[in-house]
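Shown below: target.cif, with mmCIF, C-alpha atoms and all ligand atoms.
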data_start
#
loop_
_atom_site.label_atom_id
_atom_site.label_comp_id
_atom_site.auth_asym_id
_atom_site.auth_seq_id
_atom_site.Cartn_x
_atom_site.Cartn_y
_atom_site.Cartn_z
CA MET A 1 -47.32 24.87 10.70
CA ALA A 2 -45.98 25.42 14.22
CA ASN A 3 -46.24 21.73 14.81
CA ASN A 4 -44.40 21.12 11.57
CA THR A 5 -41.44 23.37 12.45
CA ALA A 6 -41.07 21.74 15.85
CA GLN A 7 -40.79 18.41 14.13
CA LEU A 8 -38.30 19.77 11.59
CA GLN A 9 -36.03 21.14 14.32
CA GLU A 10 -35.63 17.67 15.78
CA LYS A 11 -33.92 16.24 12.74
CA SER A 12 -30.20 16.82 12.66
CA HIS A 13 -27.97 17.96 9.84
CA PRO A 14 -26.72 14.99 7.78
CA MET A 15 -23.11 16.06 8.28
CA GLU A 16 -23.29 15.90 12.04
CA ASP A 17 -21.91 12.38 12.14
CA LEU A 18 -18.64 13.69 10.69
CA LEU A 19 -18.44 16.98 12.58
CA ARG A 20 -17.31 17.43 16.15
CA MET A 21 -20.54 19.00 17.25
CA ASP A 22 -19.15 19.89 20.68
CA ARG A 23 -16.88 22.38 18.88
CA MET A 24 -19.67 24.01 16.87
CA PRO A 25 -20.37 26.78 16.03
CA HIS A 26 -17.04 27.11 14.27
CA ILE A 27 -14.93 30.27 14.52
CA TRP A 28 -15.15 31.16 10.84
CA CYS A 29 -16.61 34.54 9.95
CA SER A 30 -19.97 35.09 8.34
CA GLY A 31 -19.48 34.71 4.59
CA CYS A 32 -16.17 32.83 4.87
CA GLY A 33 -15.87 30.05 2.29
CA LEU A 34 -14.18 27.56 4.59
CA GLY A 35 -17.41 25.93 5.75
CA SER A 36 -18.47 25.31 2.15
CA ALA A 37 -15.08 23.75 1.46
CA VAL A 38 -15.55 21.41 4.45
CA THR A 39 -18.99 20.37 3.18
CA ALA A 40 -17.51 19.62 -0.24
CA PHE A 41 -14.77 17.59 1.43
CA VAL A 42 -17.19 15.52 3.50
CA GLU A 43 -19.48 14.98 0.51
CA GLY A 44 -16.45 14.03 -1.57
CA LEU A 45 -15.37 11.42 0.97
CA LYS A 46 -18.91 10.01 1.05
CA LYS A 47 -18.96 9.87 -2.72
CA ALA A 48 -15.55 8.21 -2.93
CA GLY A 49 -16.75 5.50 -0.56
CA VAL A 50 -13.60 5.52 1.53
CA SER A 51 -13.85 4.22 5.08
CA TYR A 52 -13.89 7.01 7.66
CA ASP A 53 -11.93 4.82 10.02
CA LYS A 54 -9.19 4.65 7.43
CA THR A 55 -9.12 8.37 6.68
CA ALA A 56 -6.88 10.83 8.45
CA ILE A 57 -6.89 14.57 8.08
CA VAL A 58 -3.86 16.73 8.73
CA SER A 59 -3.83 20.52 9.00
CA GLY A 60 -1.30 23.20 9.73
CA ILE A 61 -2.08 26.54 11.38
CA GLY A 62 -4.49 29.21 10.19
CA CYS A 63 -8.22 29.65 9.76
CA THR A 64 -8.07 26.73 7.32
CA GLY A 65 -5.92 24.84 9.76
CA ARG A 66 -8.92 24.56 12.08
CA VAL A 67 -10.52 22.04 9.73
CA ALA A 68 -8.69 19.09 11.29
CA GLY A 69 -10.16 20.05 14.66
CA TYR A 70 -13.72 20.22 13.41
CA LEU A 71 -13.95 16.86 11.64
CA ARG A 72 -14.72 13.68 13.50
CA LEU A 73 -11.96 11.76 11.72
CA ASP A 74 -8.52 10.84 12.93
CA SER A 75 -7.01 14.26 12.80
CA TYR A 76 -3.68 15.84 13.27
CA HIS A 77 -3.36 19.57 13.94
CA THR A 78 0.31 20.16 13.34
CA THR A 79 2.69 23.09 13.67
CA HIS A 80 2.63 25.92 11.12
CA GLY A 81 3.73 24.77 7.67
CA ARG A 82 4.49 21.18 8.67
CA ALA A 83 1.26 19.42 7.74
CA ILE A 84 2.88 17.68 4.75
CA PRO A 85 5.87 16.19 6.62
CA PHE A 86 3.51 14.84 9.31
CA ALA A 87 1.18 13.48 6.63
CA THR A 88 4.07 11.87 4.75
CA GLY A 89 5.19 10.07 7.88
CA LEU A 90 1.65 9.00 8.66
CA LYS A 91 1.14 7.60 5.20
CA LEU A 92 4.46 5.76 5.03
CA ALA A 93 3.95 4.21 8.47
CA ASN A 94 0.33 3.24 7.85
CA ARG A 95 -0.20 2.76 4.17
CA ASP A 96 -3.85 1.67 4.44
CA LEU A 97 -4.84 5.18 5.43
CA THR A 98 -6.21 7.79 3.06
CA VAL A 99 -4.24 10.81 4.23
CA VAL A 100 -5.58 14.26 3.39
CA VAL A 101 -3.85 17.54 4.15
CA PHE A 102 -6.30 20.42 4.46
CA SER A 103 -4.59 23.75 4.96
CA GLY A 104 -4.23 27.35 3.89
CA ASP A 105 -2.21 29.05 1.17
CA GLY A 106 0.13 30.66 3.69
CA ASP A 107 0.66 27.42 5.55
CA LEU A 108 1.30 25.30 2.47
CA PHE A 109 3.13 27.74 0.20
CA ALA A 110 4.94 30.21 2.47
CA ILE A 111 6.37 28.53 5.57
CA GLY A 112 5.60 25.07 4.16
CA GLY A 113 6.43 25.75 0.51
CA ASN A 114 9.40 23.44 0.31
CA HIS A 115 7.52 20.52 1.83
CA LEU A 116 4.85 20.86 -0.83
CA ILE A 117 7.14 20.89 -3.85
CA HIS A 118 9.20 18.01 -2.55
CA ALA A 119 6.20 15.88 -1.63
CA ALA A 120 4.92 16.47 -5.17
CA ARG A 121 8.34 15.64 -6.63
CA ARG A 122 8.51 12.38 -4.68
CA ASN A 123 4.86 11.70 -5.52
CA VAL A 124 4.00 10.79 -1.94
CA ASP A 125 0.55 9.18 -1.89
CA ILE A 126 -1.31 11.96 -0.05
CA ASN A 127 -4.00 14.45 -1.06
CA VAL A 128 -3.43 18.11 -0.44
CA ILE A 129 -6.39 20.48 -0.35
CA CYS A 130 -5.28 24.09 -0.24
CA VAL A 131 -7.80 26.82 0.53
CA ASN A 132 -6.53 29.91 -1.23
CA ASN A 133 -8.00 33.08 0.23
CA PHE A 134 -5.06 35.20 -1.04
CA ILE A 135 -4.06 36.23 2.48
CA TYR A 136 -2.98 35.18 5.97
CA GLY A 137 -6.48 35.17 7.40
CA MET A 138 -5.97 34.15 10.98
CA THR A 139 -3.21 36.59 11.87
CA GLY A 140 -4.95 39.67 10.49
CA GLY A 141 -4.40 39.89 6.76
CA GLN A 142 -0.66 39.95 6.13
CA ASN A 143 0.71 39.36 2.64
CA ALA A 144 0.71 35.73 1.59
CA PRO A 145 2.67 34.26 -1.36
CA THR A 146 -0.69 34.21 -3.15
CA THR A 147 -1.65 37.87 -2.61
CA PRO A 148 -2.17 39.31 -6.10
CA LEU A 149 0.10 42.05 -7.39
CA GLY A 150 -1.31 45.42 -6.33
CA ALA A 151 -3.72 44.01 -3.74
CA TYR A 152 -3.81 45.68 -0.35
CA SER A 153 -3.02 43.82 2.83
CA SER A 154 -2.00 44.84 6.34
CA THR A 155 1.65 44.48 5.36
CA ALA A 156 1.14 46.07 1.94
CA PRO A 157 -0.66 49.34 2.71
CA PHE A 158 0.36 50.80 -0.68
CA GLY A 159 -0.46 47.65 -2.62
CA ASN A 160 1.51 44.43 -2.94
CA TYR A 161 4.75 44.66 -4.94
CA GLU A 162 5.41 40.90 -5.06
CA MET A 163 4.46 38.48 -7.81
CA PRO A 164 2.23 35.75 -6.37
CA PHE A 165 2.65 32.01 -6.85
CA ASN A 166 0.36 30.20 -9.25
CA LEU A 167 -0.43 27.27 -6.99
CA VAL A 168 -1.69 24.81 -9.60
CA GLY A 169 1.26 25.63 -11.86
CA LEU A 170 3.72 25.04 -9.06
CA ALA A 171 2.13 21.73 -8.04
CA ALA A 172 1.98 20.49 -11.63
CA ALA A 173 5.55 21.53 -12.40
CA SER A 174 6.75 19.81 -9.24
CA GLY A 175 5.28 16.53 -10.44
CA ALA A 176 1.86 16.10 -8.82
CA SER A 177 -0.24 13.24 -10.22
CA TYR A 178 -3.50 15.11 -9.99
CA VAL A 179 -4.03 18.87 -10.06
CA ALA A 180 -7.33 20.75 -9.97
CA ARG A 181 -8.62 24.20 -9.13
CA TRP A 182 -12.15 25.21 -8.13
CA THR A 183 -13.80 27.97 -6.16
CA THR A 184 -16.11 27.35 -3.21
CA MET A 185 -18.95 28.29 -5.53
CA HIS A 186 -18.31 25.16 -7.66
CA ALA A 187 -19.75 22.99 -4.89
CA ARG A 188 -20.48 19.92 -7.00
CA ARG A 189 -17.42 19.89 -9.22
CA LEU A 190 -15.24 20.42 -6.19
CA THR A 191 -16.94 17.46 -4.49
CA ASP A 192 -16.27 15.33 -7.56
CA SER A 193 -12.63 16.37 -7.60
CA ILE A 194 -12.20 15.50 -3.93
CA ALA A 195 -13.79 12.10 -4.57
CA THR A 196 -11.50 11.48 -7.56
CA ALA A 197 -8.44 12.44 -5.53
CA ALA A 198 -9.50 10.23 -2.59
CA ASN A 199 -9.36 7.17 -4.83
CA LYS A 200 -6.29 8.17 -6.79
CA LYS A 201 -2.80 7.11 -5.88
CA GLY A 202 0.03 9.58 -5.87
CA PHE A 203 0.24 13.21 -4.89
CA CYS A 204 -3.07 14.97 -5.56
CA PHE A 205 -3.40 18.72 -5.26
CA ILE A 206 -6.67 20.67 -5.20
CA GLU A 207 -6.72 24.45 -4.91
CA ILE A 208 -9.97 25.93 -3.58
CA VAL A 209 -10.32 29.65 -4.23
CA SER A 210 -12.31 30.91 -1.27
CA PRO A 211 -13.68 34.25 -0.08
CA CYS A 212 -12.21 35.87 3.02
CA PRO A 213 -14.52 38.83 3.52
CA THR A 214 -13.05 39.82 6.86
CA VAL A 215 -9.45 40.53 5.99
CA PHE A 216 -8.97 40.21 2.23
CA ALA A 217 -12.18 41.79 0.94
CA ARG A 218 -12.21 44.52 3.57
CA LYS A 219 -8.83 45.83 2.41
CA ASN A 220 -9.64 45.44 -1.28
CA LYS A 221 -13.20 46.74 -1.46
CA GLY A 222 -14.39 43.22 -2.16
CA GLY A 223 -17.60 43.53 -0.16
CA THR A 224 -19.20 40.63 1.66
CA GLY A 225 -18.64 36.93 1.19
CA LEU A 226 -21.62 36.88 -1.13
CA ASP A 227 -20.16 39.71 -3.24
CA MET A 228 -16.94 37.74 -3.53
CA LEU A 229 -18.79 34.60 -4.60
CA LYS A 230 -20.61 36.60 -7.25
CA GLU A 231 -17.30 37.99 -8.42
CA PHE A 232 -15.85 34.47 -8.63
CA GLN A 233 -18.91 33.47 -10.61
CA THR A 234 -18.32 36.15 -13.22
CA ARG A 235 -14.59 35.56 -13.40
CA ALA A 236 -14.52 31.76 -13.36
CA ILE A 237 -14.27 29.70 -16.52
CA ILE A 238 -13.83 25.94 -16.77
CA ASP A 239 -11.11 24.63 -19.04
CA HIS A 240 -9.79 21.16 -18.25
CA ASP A 241 -7.24 21.39 -21.06
CA ALA A 242 -5.62 24.57 -19.80
CA ASP A 243 -1.91 24.38 -19.08
CA PRO A 244 -1.79 24.90 -15.30
CA THR A 245 1.46 26.85 -15.52
CA THR A 246 -0.16 29.54 -17.65
CA ILE A 247 -3.15 30.42 -15.47
CA PRO A 248 -2.04 32.63 -12.58
CA LEU A 249 -4.61 34.51 -10.51
CA ASN A 250 -4.59 38.32 -10.44
CA MET A 251 -7.05 40.76 -8.98
CA ASP A 252 -9.43 40.73 -11.93
CA ASN A 253 -8.41 38.13 -14.52
CA GLU A 254 -10.22 34.93 -15.36
CA ILE A 255 -10.19 32.24 -12.69
CA VAL A 256 -9.50 29.21 -14.86
CA CYS A 257 -10.92 26.16 -13.09
CA GLY A 258 -10.76 22.50 -13.99
CA GLU A 259 -8.89 19.24 -13.58
CA PHE A 260 -5.61 20.02 -15.27
CA VAL A 261 -3.46 16.99 -14.51
CA ASN A 262 -4.57 13.39 -14.00
CA ASP A 263 -1.53 11.16 -14.56
CA ASP A 264 -0.24 7.93 -13.16
CA ARG A 265 3.33 7.99 -11.96
CA PRO A 266 5.00 5.54 -9.57
CA THR A 267 4.52 6.77 -6.02
CA PHE A 268 7.29 7.30 -3.52
CA TRP A 269 6.43 4.04 -1.75
CA GLU A 270 6.38 2.09 -5.02
CA ASN A 271 9.80 3.43 -5.85
CA VAL A 272 11.07 2.49 -2.39
CA GLN A 273 9.73 -1.03 -2.85
CA ALA A 274 11.14 -1.37 -6.34
CA GLY A 275 14.51 -0.17 -5.09
CA ILE A 276 14.57 -2.60 -2.18
CA LYS A 277 13.40 -5.44 -4.39
CA ALA A 278 16.14 -4.80 -6.90
CA ARG A 279 18.63 -4.71 -4.08
CA LEU A 280 17.37 -7.98 -2.57
CA GLU A 281 17.45 -9.69 -5.92
CA LYS A 282 21.04 -8.66 -6.26
CA PHE A 283 21.63 -10.01 -2.79
CA ALA A 284 20.08 -13.36 -3.71
CA ASN A 285 22.57 -13.66 -6.55
CA TRP A 286 25.33 -12.61 -4.28
CA GLU A 287 27.53 -15.69 -4.71
CA GLU A 288 27.29 -15.54 -8.42
CA MET A 289 27.89 -11.83 -8.43
CA GLN A 290 30.87 -12.09 -6.18
CA SER A 291 32.65 -14.57 -8.35
CA ASN A 292 31.92 -12.41 -11.38
CA SER A 293 32.87 -9.21 -9.70
CA ARG A 294 36.16 -10.59 -8.43
CA LYS A 295 37.36 -10.95 -11.99
CA ILE A 296 36.14 -7.50 -12.90
CA SER A 297 37.32 -5.78 -9.75
CA HIS A 298 40.78 -7.12 -10.25
CA LYS A 299 41.07 -5.25 -13.51
CA LYS A 300 39.15 -2.26 -12.19
CA ASP A 301 41.37 -1.90 -9.16
CA ARG A 302 44.46 -1.57 -11.23
CA LYS A 303 42.84 1.00 -13.45
CA TYR A 304 41.50 2.91 -10.47
CA THR A 305 44.86 3.01 -8.72
CA SER A 306 46.59 4.20 -11.80
CA SER A 307 44.07 6.92 -12.50
CA ARG A 308 44.14 8.04 -8.88
CA ASP A 309 47.91 8.14 -8.97
CA SER A 310 47.88 10.27 -12.04
CA SER A 311 45.31 12.63 -10.54
CA ILE A 312 47.41 12.99 -7.40
CA MET A 313 50.40 13.65 -9.55
CA ARG A 314 48.45 16.24 -11.48
CA ARG A 315 47.39 17.95 -8.29
CA ASN A 316 50.92 17.96 -6.94
CA THR A 317 52.45 19.47 -10.01
CA MET B 1 -52.63 16.23 -28.80
CA ARG B 2 -50.00 16.18 -26.03
CA PHE B 3 -49.64 12.40 -26.28
CA TRP B 4 -46.00 12.45 -25.11
CA GLU B 5 -47.11 13.12 -21.57
CA LYS B 6 -48.22 9.52 -21.14
CA PRO B 7 -45.77 7.37 -23.06
CA PHE B 8 -46.67 3.67 -22.92
CA GLY B 9 -49.62 4.41 -20.68
CA LYS B 10 -47.43 5.49 -17.79
CA GLU B 11 -48.41 8.04 -15.20
CA LYS B 12 -47.02 11.51 -15.52
CA PRO B 13 -43.70 11.38 -13.65
CA LYS B 14 -43.82 12.88 -10.17
CA THR B 15 -41.56 15.84 -9.49
CA ILE B 16 -39.15 15.41 -6.64
CA CYS B 17 -39.75 17.71 -3.70
CA GLY B 18 -37.49 18.72 -0.87
CA GLU B 19 -38.31 19.53 2.71
CA ILE B 20 -36.09 22.33 3.94
CA HIS B 21 -34.75 22.38 7.48
CA ILE B 22 -33.12 25.50 8.86
CA ILE B 23 -31.18 25.45 12.12
CA ASN B 24 -31.80 29.12 12.85
CA ASP B 25 -29.34 29.67 15.66
CA ARG B 26 -26.44 28.17 13.75
CA CYS B 27 -26.89 30.50 10.75
CA LYS B 28 -24.50 33.43 10.28
CA GLY B 29 -26.67 35.27 7.79
CA CYS B 30 -24.33 35.12 4.79
CA SER B 31 -27.26 34.71 2.32
CA PHE B 32 -25.38 32.18 0.18
CA CYS B 33 -28.33 29.78 0.28
CA ILE B 34 -30.81 32.52 -0.59
CA GLU B 35 -28.76 33.79 -3.54
CA TYR B 36 -27.85 30.42 -5.02
CA CYS B 37 -31.15 28.56 -4.65
CA PRO B 38 -32.08 28.09 -8.31
CA ARG B 39 -35.80 28.17 -7.50
CA ASN B 40 -35.83 31.21 -5.20
CA VAL B 41 -37.36 29.20 -2.40
CA LEU B 42 -35.68 31.21 0.34
CA GLU B 43 -35.70 34.79 1.50
CA VAL B 44 -34.04 36.76 4.28
CA SER B 45 -36.11 36.52 7.43
CA LYS B 46 -37.04 39.71 9.26
CA ASP B 47 -36.37 38.00 12.58
CA PHE B 48 -33.04 37.81 14.30
CA ASN B 49 -31.51 34.61 15.59
CA LYS B 50 -29.63 34.15 18.84
CA LYS B 51 -26.45 35.58 17.34
CA GLY B 52 -28.18 38.61 15.85
CA TYR B 53 -28.12 37.44 12.22
CA HIS B 54 -31.08 37.19 9.87
CA PRO B 55 -31.50 33.52 8.95
CA PRO B 56 -33.23 32.47 5.74
CA ILE B 57 -36.92 31.72 5.70
CA VAL B 58 -38.77 29.38 3.33
CA VAL B 59 -41.18 31.39 1.23
CA LYS B 60 -42.00 28.97 -1.61
CA PRO B 61 -41.78 25.47 -0.14
CA ASP B 62 -43.49 23.88 -3.12
CA MET B 63 -40.86 25.17 -5.53
CA CYS B 64 -38.02 23.23 -3.90
CA THR B 65 -36.69 20.49 -6.18
CA PHE B 66 -34.37 18.85 -3.65
CA CYS B 67 -31.32 19.94 -5.62
CA GLY B 68 -29.37 20.27 -2.36
CA LEU B 69 -27.38 23.29 -3.42
CA CYS B 70 -28.37 25.33 -0.35
CA GLU B 71 -27.07 22.53 1.87
CA MET B 72 -23.82 22.25 -0.09
CA ILE B 73 -23.02 25.94 -0.11
CA CYS B 74 -23.98 26.82 3.48
CA PRO B 75 -20.69 27.44 5.31
CA ASP B 76 -22.30 26.98 8.72
CA PHE B 77 -24.06 23.63 8.34
CA ALA B 78 -27.28 25.46 9.15
CA ILE B 79 -29.59 24.34 6.34
CA PHE B 80 -30.37 20.93 4.88
CA VAL B 81 -33.00 19.31 2.74
CA ILE B 82 -34.50 15.85 2.83
CA GLU B 83 -36.60 14.29 0.16
CA LYS B 84 -40.30 14.63 0.84
CA GLU B 85 -41.84 11.26 1.43
CA ASP B 86 -45.39 11.82 0.23
CA GLU B 87 -46.40 13.19 -3.20
C1 LIG C 1 6.06 29.13 13.28
C2 LIG C 1 4.91 30.06 13.20
N1 LIG C 1 5.04 31.22 12.53
C3 LIG C 1 4.01 32.06 12.41
C4 LIG C 1 2.80 31.77 12.98
C5 LIG C 1 1.66 32.74 12.85
N2 LIG C 1 0.63 32.32 11.91
C6 LIG C 1 -0.46 31.68 12.31
S1 LIG C 1 -1.54 31.37 11.08
C7 LIG C 1 -0.51 32.14 9.95
C8 LIG C 1 -0.88 32.30 8.51
C9 LIG C 1 -1.89 31.35 8.01
O1 LIG C 1 -2.23 31.68 6.72
P1 LIG C 1 -2.98 30.64 5.79
O2 LIG C 1 -2.27 29.35 5.82
O3 LIG C 1 -3.19 31.28 4.46
O4 LIG C 1 -4.36 30.39 6.54
P2 LIG C 1 -5.71 31.21 6.55
O5 LIG C 1 -5.80 31.76 7.93
O6 LIG C 1 -5.64 32.26 5.50
O7 LIG C 1 -6.75 30.19 6.29
C10 LIG C 1 0.64 32.60 10.57
C11 LIG C 1 1.72 33.34 9.87
C12 LIG C 1 2.68 30.54 13.65
N3 LIG C 1 1.51 30.16 14.22
N4 LIG C 1 3.72 29.72 13.76
S1 LIG C 2 -10.46 35.76 8.65
FE1 LIG C 2 -11.00 35.26 6.55
S2 LIG C 2 -10.35 33.12 6.27
FE2 LIG C 2 -10.42 33.52 8.48
S3 LIG C 2 -12.47 32.87 9.13
FE3 LIG C 2 -12.59 35.07 8.71
S4 LIG C 2 -13.23 35.18 6.56
FE4 LIG C 2 -12.52 33.10 6.91
S1 LIG C 3 -32.75 22.14 -2.29
FE1 LIG C 3 -32.37 23.43 -4.07
S2 LIG C 3 -34.37 24.20 -4.64
FE2 LIG C 3 -34.58 23.42 -2.55
S3 LIG C 3 -34.21 25.21 -1.26
FE3 LIG C 3 -32.25 24.19 -1.50
S4 LIG C 3 -31.28 25.21 -3.24
FE4 LIG C 3 -33.47 25.73 -3.29
S1 LIG C 4 -25.99 29.75 3.76
FE1 LIG C 4 -26.22 28.96 5.86
S2 LIG C 4 -25.29 30.54 7.15
FE2 LIG C 4 -25.65 31.47 5.15
S3 LIG C 4 -27.68 32.42 5.31
FE3 LIG C 4 -28.01 30.37 4.50
S4 LIG C 4 -28.40 29.10 6.31
FE4 LIG C 4 -27.49 31.00 7.03
MG MG C 5 -4.85 32.13 3.57
#
Rewrite the structure of this file - the entire thing - as structure tokens.
Amino acid sequence: MANNTAQLQEKSHPMEDLLRMDRMPHIWCSGCGLGSAVTAFVEGLKKAGVSYDKTAIVSGIGCTGRVAGYLRLDSYHTTHGRAIPFATGLKLANRDLTVVVFSGDGDLFAIGGNHLIHAARRNVDINVICVNNFIYGMTGGQNAPTTPLGAYSSTAPFGNYEMPFNLVGLAAASGASYVARWTTMHARRLTDSIATAANKKGFCFIEIVSPCPTVFARKNKGGTGLDMLKEFQTRAIIDHDADPTTIPLNMDNEIVCGEFVNDDRPTFWENVQAGIKARLEKFANWEEMQSNSRKISHKKDRKYTSSRDSSIMRRNT
Amino acid sequence: MRFWEKPFGKEKPKTICGEIHIINDRCKGCSFCIEYCPRNVLEVSKDFNKKGYHPPIVVKPDMCTFCGLCEMICPDFAIFVIEKEDE
């Protein structure tokens, strides 16, 4: 048996090729869900069959923001809240890349909230994985835009008075092409979702509900990471047909999980190309257009002048 | 009369087995793997690791079905399974 264990120790963890082992052990607390989310991400990439050389990961700041620094991929650890603008630039400049943003709820929905809704609106071809632990973990448990009503945090000692965002609802309403929500306990379904998103074009958003035993659970009598996972297990239901705008998360309601949106819309880059193409086609017919437009503009000009004159007259009187 | 065990004269299918590897000093003792192993293969060890946590210990190695859930749920990349070659 002793011989056997010695032999077992020699073999290395199958994820080590994608982790920066010189930075291990990671800083995350015992019972934090972030490590499970990273495993699901790596497994998802493997499953999707995307090339690691053509995958870039972008994070903002926070406990979740450390992910970019722990993965042996091209990674970008950006300033707080700005992961999406960096990722958008990266994708538009190098369109062969699979660009994944991996960041926290505070980073993506508080300081970076506008970037998220506008990237979804434009349907930029990036994937956004948001770890929702209902709190600002790294800075000591301040209220996040996801902190449930009534929950305690270091900046809400009498309970939170603010309504939280429903992240999947916001992403779907802003126009994301793919929207899903899982908890870290749904290891396999989460992996599948990440693989689907990796091969899908357009803006893909995945919310991962994750335990933060150190600052969220401690203030809310949530127990250990394991207690939180068990709680997720009792509260979670899977309903792919749910309307994402109707499933907010409170302290004790159902955590509706599933793949809520899976649409195909033209991406930002496709729209740019279509726009330029249309413009160039016009340009190719320039001569023809010019001769046509001269006749039209002649009439138009007169009309325009007269209407402008009348409006000036109206203003003067 | 359990004739369905050998359809078309085939051998009884072999069950898949996993070989569990625990990197003790990387474990942070969260017990996720112990709780979510569907076959109760693992238990909390009485020993401490370098960090002062109790890592899991394999108590029923033959029960492991190589489902890989312990590996997927471990937040510290401290446990993994490989398919057993023999049997
Ligand atoms: C411009 C700026 N403002 C504020 C901070 C402080 N800060 C660091 S992390 C963080 C919150 C992160 O919360 P979240 O994104 O939810 O990550 P978590 O730690 O919960 O994973 C804040 C406010 C900062 N680093 N930079
Ligand atoms: S503070 Fe919370 S989110 Fe940050 S590592 Fe600890 S448990 Fe995880
Ligand atoms: S592979 Fe599955 S059965 Fe084997 S120890 Fe891990 S969780 Fe248990
Ligand atoms: S899940 Fe990982 S860190 Fe947690 S007890 Fe098991 S081996 Fe240790
Ligand atoms: Mg957070």
Best match for closeness to chain A among B:His54, B:Arg26, B:Lys10, B:Lys46, counting only C-alpha atoms =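 Under the stated criterion, the closest residue is B:Arg26.
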Tell me the residues of chain B close to chain A, meaning within 12 Å using all atoms listed in the file, as an MDAnalysis selection string.
-> chainID B and resid 19:36 51:55 57:58 67:82
Compute the set of protein, DNA and RNA residues whose minimum atom distance to ligand LIG 1 (chain C) is at most 6 Å, using all atoms listed in the file, and state it as a PyMOL selection string.
-> chain A and resi 61-64+80+104-107+133+135-139
Can I get the selection written as a PDB file, keeping the file's coordinate frame, with C-alpha atoms?
ATOM      1  CA  ILE A  61      -2.080  26.540  11.380  1.00  0.00           C
ATOM      2  CA  GLY A  62      -4.490  29.210  10.190  1.00  0.00           C
ATOM      3  CA  CYS A  63      -8.220  29.650   9.760  1.00  0.00           C
ATOM      4  CA  THR A  64      -8.070  26.730   7.320  1.00  0.00           C
ATOM      5  CA  HIS A  80       2.630  25.920  11.120  1.00  0.00           C
ATOM      6  CA  GLY A 104      -4.230  27.350   3.890  1.00  0.00           C
ATOM      7  CA  ASP A 105      -2.210  29.050   1.170  1.00  0.00           C
ATOM      8  CA  GLY A 106       0.130  30.660   3.690  1.00  0.00           C
ATOM      9  CA  ASP A 107       0.660  27.420   5.550  1.00  0.00           C
ATOM     10  CA  ASN A 133      -8.000  33.080   0.230  1.00  0.00           C
ATOM     11  CA  ILE A 135      -4.060  36.230   2.480  1.00  0.00           C
ATOM     12  CA  TYR A 136      -2.980  35.180   5.970  1.00  0.00           C
ATOM     13  CA  GLY A 137      -6.480  35.170   7.400  1.00  0.00           C
ATOM     14  CA  MET A 138      -5.970  34.150  10.980  1.00  0.00           C
ATOM     15  CA  THR A 139      -3.210  36.590  11.870  1.00  0.00           C
TER      16      THR A 139
END
Would you mind telling me which residue in A:Thr214, A:Asn132, A:Asn285, A:Asn143 lies nearest to ligand LIG 2 (chain C) when using all atoms listed in the file?
-> A:Thr214
Atom-to-atom span, CA of Ala180 in chain A and CA of Asp264 in chain A, Å |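 Between these atoms lies a distance of 15.0 Å.
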For ligand LIG 4 (chain C), the nearest of the candidates B:Cys64, B:Cys17, B:Val59, B:Cys37, counting all atoms listed in the file =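 Of B:Cys64, B:Cys17, B:Val59, B:Cys37, the one nearest ligand LIG 4 (chain C), counting all atoms listed in the file, is B:Cys37.
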Kindly extract all protein, DNA and RNA residues lying within 8 Å of the coordinates (-39.4, 24.1, -7.3) given in the file, considering all atoms listed in the file, and supply them as a PyMOL selection string.
-> chain B and resi 17+39+41+60-65
Provide the CA of Asn94 in chain A to CA of Leu190 in chain A distance in Å, to one decimal place.
->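 Separation between CA of Asn94 in chain A and CA of Leu190 in chain A: 27.1 Å.
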Expected residue set, 10 Å radius at (-7.3, 10.5, -7.5), all atoms listed in the file, as number ranges by chain | A: 48, 125-127, 177-179, 193-205, 262-264
Would you work out the distance separating CA of Pro266 in chain A from CA of Ile208 in chain A, expressed in Å to one decimal?
->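 CA of Pro266 in chain A sits 26.0 Å away from CA of Ile208 in chain A.
Candidate residues A:Ala278, A:Leu249, A:Ala68, A:Cys257 were compared for distance to Pro148 in chain A, and the nearest is A:Leu249, using all atoms listed in the file.
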Box dimensions and centre (Å, one decimal) enclosing ligand LIG 4 (chain C), axis-aligned, 8 Å extra per side, as lines of an AutoDock Vina configuration file:
center_x = -26.8
center_y = 30.7
center_z = 5.5
size_x = 19.1
size_y = 19.5
size_z = 19.4
Pick out the residues sitting within 8 Å of range 115-123 of chain A, and hand them over as a PyMOL selection string; count only C-alpha atoms, and ignore anything fewer than 5 positions along from it in its own chain.
-> chain A and resi 82+84-85+88+108-109+170-171+174-177+202-203+265-268
Min atom-atom distance to ligand LIG 4 (chain C) from the set B:Lys50, B:Glu83, B:Leu42, B:Phe66, counting all atoms listed in the file, belongs to B:Leu42
